[in-house]
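Heads up, the thing below is written out as structure tokens.
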2 protein chains.
Amino acid sequence: MTIYDISKKAGVSTATVSRVLNGSIHVSEATRQKVMAVIDKYGYTPNAFARGLGLNSMKTIGIMCADSSDIYLAKAIYYLEQKLRANCYDSILCCTGYELSGKKSAMNLLITKKVDGIILAGSHFLYQDDRDNQYIVDAAKQVPVMLMNALMDAPNVYSITSDDYSSTYEATKYLLASGISDILYFYNAVSYSGQRKLAGFREAMEESGFPLDSRLIQYYSGSPEDMDAMVEHLTRLHMKGITFHGILASDDLLALAAVKYAKQTGYSVPEDFSVIGYNNSILVKCCDPELTSIDNKSEKICQHLINTLMGVLCGTEMPGKTILAGELIRRGTTR
Amino acid sequence: MTIYDISKKAGVSTATVSRVLNGSIHVSEATRQKVMAVIDKYGYTPNAFARGLGLNSMKTIGIMCADSSDIYLAKAIYYLEQKLRANCYDSILCCTGYELSGKKSAMNLLITKKVDGIILAGSHFLYQDDRDNQYIVDAAKQVPVMLMNALMDAPNVYSITSDDYSSTYEATKYLLASGISDILYFYNAVSYSGQRKLAGFREAMEESGFPLDSRLIQYYSGSPEDMDAMVEHLTRLHMKGITFHGILASDDLLALAAVKYAKQTGYSVPEDFSVIGYNNSILVKCCDPELTSIDNKSEKICQHLINTLMGVLCGTEMPGKTILAGELIRRGTTR
């Protein structure tokens, strides 16, 4: 019987169970009795409780990410580690790869190591089929699970995400307002946040009244680091006679490839051709002209996530979902 | 009494002690008796043995790095994790920051977590004062410690590094041969490998017979991601009347800043100005023209490191030091 089971049987939140066990004064006598009745009836697992209460804790948080060499994730992990250390927590990181089996086994490893909480960094951990997300629900019965850039409804799961939908919606509107209507959407991830980004683009295009040409929604399936292949992907479209004078890319590297393509094709950037990237990463400065990009406030997301986690570990009731706005940072690749 | 203590007292390697305890046939009867005599006399710690023998092991390796958001380290960590997984080992990562205290506490954390070995990724873990390296020597009494891009002499410590000295030596010779003698060396790290790189540059310059101008050895101390500050650093030198027509940079981001500086100053790259980077990272393709860079064979280093570690964990005698050659990859920023 875990803290989670007791909260379910007593019909109160896990935070409330924590407060009862913690002897907190912020619990009504009625609630206290309800919780204690469940414990008396079903017994409990002291270790799981101790962990929930921060007793007997190693003060260690597990961080899972699909691929630590992704520039965006690498930065997020850096922020998370820093902010955990500032709260006197150690962190251990598992790189899981993109397969579900790798994610499940990393989750089990971390729970075996008795971490106090688990952070899933990046939106690759969530699947469309709910059954594939059961490993998250199960883990959350043991420790709080924090989702970064994904949204999920489950007890003891907390989601903090950027508003990717609104960000690409606004960026598309911005390109349209600058007089470009043949905008290509260039992306390489069908993750949760990948879908939200695409949806924002579609919505803005549909609202604009311009017919949405499905050939202008391009999925790049090659290696995430092979810029030559990205440029070639765009060049092939051009050869086929597909016309576009703006590209909204789902990450900065794709956007850099877009700028390279435009220059090779003989366009001047930004006079004849506009490009917007995503993540506002270090790559924006590596581009000539410098890259306009959507800042999805990675550090702010990480700060909120750690604040929420620290609250949960102290037994405070925390919001299950937080959605933060992004911001378009205008530089040299847009007019 | 650990496996390390026994090896010292018996005057044999830890691998030999492992083999004796493992019942391996590749041990002479005399050696076996010597080792068993030490064990009989001093007793032993079964857990430490079990770990040394791969019994009772969690099959988990700890990886330490200073900063996971460094592009080069992020990639190395990715390789290490992949190759460990291929050997059925899990890995946990600690980002330590650049302070010694952070490194020590991460080391302790990993040992508490009962990892089978520890990998120090990057050359920031080694200090000039031997006393500051005692934490590595101490950890190696418990588990094998692998150094990536650093060299150290200590029992149960294994070093795998790129030949940074020869790489910058050859790159400098290459610039000199292309007719550039006023070469600026631009660097931002005084780590072990940072020192080797600088030494290679110095040696090649001194051999060339050109007077070595100390103003052409420039240490950039700003944020490792602030490209504008890097460009400004170079522009200030130009303003002071210091002349240079080639830059050898200790990493690719500094090299990108060098290309940006050259263009802003009115030089054509590579006609009037040459630039060579280091690491052959994803950034080489983000440069226009594409960046000539030294490939220090990060993946090969990681593969050697894991092979060595796996050998050590099986009780095989492995080389304490491996030095691998780098390679200059010529692209558009050199003639």
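The chains in the structure tokens are called A, B, ... from first to last as shown; in each chain the residues are counted from 1, and the ligands are counted from 1 in the order shown.
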
For chain B versus chain A, which residues have an atom no more than 10 Å away, and what is each residue's nearest atom pair and distance in Å rounded to one decimal, using only C-alpha atoms, chain-then-number order, as a tab-separated table?
residue	atom	partner	partner_atom	distance
B:Met58	CA	A:Leu109	CA	9.3
B:Thr60	CA	A:Leu109	CA	9.2
B:Gly62	CA	A:Ile92	CA	8.9
B:Ile63	CA	A:Leu93	CA	9.2
B:Met64	CA	A:Ile92	CA	9.8
B:Ala66	CA	A:Tyr78	CA	9.8
B:Asp67	CA	A:Tyr78	CA	6.7
B:Ser68	CA	A:Ala74	CA	5.8
B:Ser69	CA	A:Ala74	CA	4.5
B:Asp70	CA	A:Ala74	CA	7.8
B:Ile71	CA	A:Ile71	CA	7.0
B:Tyr72	CA	A:Ser69	CA	8.6
B:Leu73	CA	A:Ser69	CA	8.2
B:Ala74	CA	A:Ser69	CA	4.5
B:Lys75	CA	A:Ser69	CA	4.8
B:Ala76	CA	A:Ser69	CA	8.0
B:Ile77	CA	A:Ser68	CA	7.1
B:Tyr78	CA	A:Ser69	CA	5.9
B:Tyr79	CA	A:Ser69	CA	9.0
B:Glu81	CA	A:Cys95	CA	6.9
B:Gln82	CA	A:Gly97	CA	8.4
B:Arg85	CA	A:Thr96	CA	9.5
B:Asp90	CA	A:Ala106	CA	8.0
B:Ser91	CA	A:Cys94	CA	6.4
B:Ile92	CA	A:Leu93	CA	5.2
B:Leu93	CA	A:Leu93	CA	4.7
B:Cys94	CA	A:Ile92	CA	5.5
B:Cys95	CA	A:Glu81	CA	6.9
B:Thr96	CA	A:Glu81	CA	8.8
B:Gly97	CA	A:Gln82	CA	8.5
B:Gly102	CA	A:Arg85	CA	9.5
B:Ser105	CA	A:Asp90	CA	9.1
B:Ala106	CA	A:Asp90	CA	8.0
B:Leu109	CA	A:Asp90	CA	8.0
B:Leu110	CA	A:Ile92	CA	9.0
B:Thr112	CA	A:Met58	CA	9.8
B:Lys113	CA	A:Lys113	CA	7.1
B:Lys114	CA	A:Lys113	CA	9.5
B:Glu225	CA	A:Ile282	CA	6.7
B:Asp226	CA	A:Ile282	CA	8.5
B:Met227	CA	A:Lys285	CA	6.9
B:Asp228	CA	A:Lys285	CA	8.2
B:Leu253	CA	A:Cys286	CA	8.4
B:Leu256	CA	A:Cys286	CA	6.9
B:Ala257	CA	A:Cys286	CA	8.3
B:Lys260	CA	A:Cys286	CA	8.8
B:Ser281	CA	A:Glu225	CA	9.9
B:Ile282	CA	A:Glu225	CA	6.7
B:Leu283	CA	A:Cys286	CA	7.7
B:Val284	CA	A:Cys286	CA	9.7
B:Lys285	CA	A:Met227	CA	6.9
B:Cys286	CA	A:Cys286	CA	5.9
B:Cys287	CA	A:Cys286	CA	6.6
B:Asp288	CA	A:Asp288	CA	7.7

Would you pick out the contacts of Asn279 of chain A at 12 Å or less, using only C-alpha atoms, so that residues sharing its chain but fewer than 2 positions from it are not included, and give the list as number ranges by chain? A: 70-73, 75-76, 162, 164, 167-168, 197, 249-255, 276-277, 281-284, 291-299, 326-329

Here atom CA of Thr333 of chain A and atom CA of Pro289 of chain B stand apart by 18.0 Å

| task | Please provide the set of residues having any atom within 9 Å of Ala15 of chain A, restricted to only C-alpha atoms, with same-chain residues fewer than 2 positions apart removed, written as a list in words. | result | Ser7, Val12, Ser13, Val17, Ser18, Arg19, Val20, Val312, Leu313, Cys314, Gly315, Thr316, Glu317 and Met318 of chain A

Taking N, CA and C atoms for each residue, export the selection above as a short mmCIF file (atom, residue, chain, number, x, y, z; two decimals), in the first residue's frame.
data_model
loop_
_atom_site.label_atom_id
_atom_site.label_comp_id
_atom_site.auth_asym_id
_atom_site.auth_seq_id
_atom_site.Cartn_x
_atom_site.Cartn_y
_atom_site.Cartn_z
N SER A 7 -4.33 7.60 -0.87
CA SER A 7 -5.03 8.82 -1.30
C SER A 7 -6.28 8.44 -2.09
N VAL A 12 -8.71 11.61 -1.09
CA VAL A 12 -8.01 12.90 -0.92
C VAL A 12 -6.75 12.87 -1.78
N SER A 13 -6.08 14.02 -1.91
CA SER A 13 -4.87 14.06 -2.73
C SER A 13 -3.70 13.42 -1.98
N VAL A 17 -2.49 13.31 2.09
CA VAL A 17 -2.00 12.17 2.86
C VAL A 17 -0.64 12.50 3.48
N SER A 18 0.23 13.12 2.66
CA SER A 18 1.54 13.55 3.16
C SER A 18 1.39 14.45 4.38
N ARG A 19 0.47 15.42 4.25
CA ARG A 19 0.29 16.38 5.34
C ARG A 19 -0.18 15.68 6.61
N VAL A 20 -1.10 14.71 6.44
CA VAL A 20 -1.59 13.97 7.61
C VAL A 20 -0.43 13.27 8.30
N VAL A 312 5.79 19.64 -4.23
CA VAL A 312 5.19 18.31 -4.10
C VAL A 312 5.93 17.51 -3.02
N LEU A 313 7.26 17.57 -3.04
CA LEU A 313 8.05 16.78 -2.09
C LEU A 313 7.86 17.28 -0.65
N CYS A 314 7.45 18.55 -0.50
CA CYS A 314 7.16 19.09 0.83
C CYS A 314 5.72 18.84 1.24
N GLY A 315 4.95 18.19 0.35
CA GLY A 315 3.56 17.91 0.70
C GLY A 315 2.61 19.05 0.39
N THR A 316 3.06 20.04 -0.38
CA THR A 316 2.19 21.15 -0.76
C THR A 316 1.35 20.74 -1.97
N GLU A 317 0.13 21.20 -2.02
CA GLU A 317 -0.71 20.96 -3.20
C GLU A 317 -0.20 21.84 -4.34
N MET A 318 0.17 21.25 -5.46
CA MET A 318 0.73 22.03 -6.57
C MET A 318 -0.14 21.82 -7.81
#

(Q) Just list as an MDAnalysis selection string whatever in segment 37-271 of chain B DSSP marks as alpha helix (DSSP H). (A) chainID B and resid 37:42 46:52 71:86 100:112 134:139 164:177 192:208 227:239 252:264

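Among the candidates B:Thr334, B:Thr16, B:His238, B:Val259, the one nearest to Ala177 of chain B when counting only C-alpha atoms is B:Thr334.
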
In Å and to one decimal, atom CA of Val145 of chain B is distant from atom CA of Ala10 of chain B by 21.4 Å
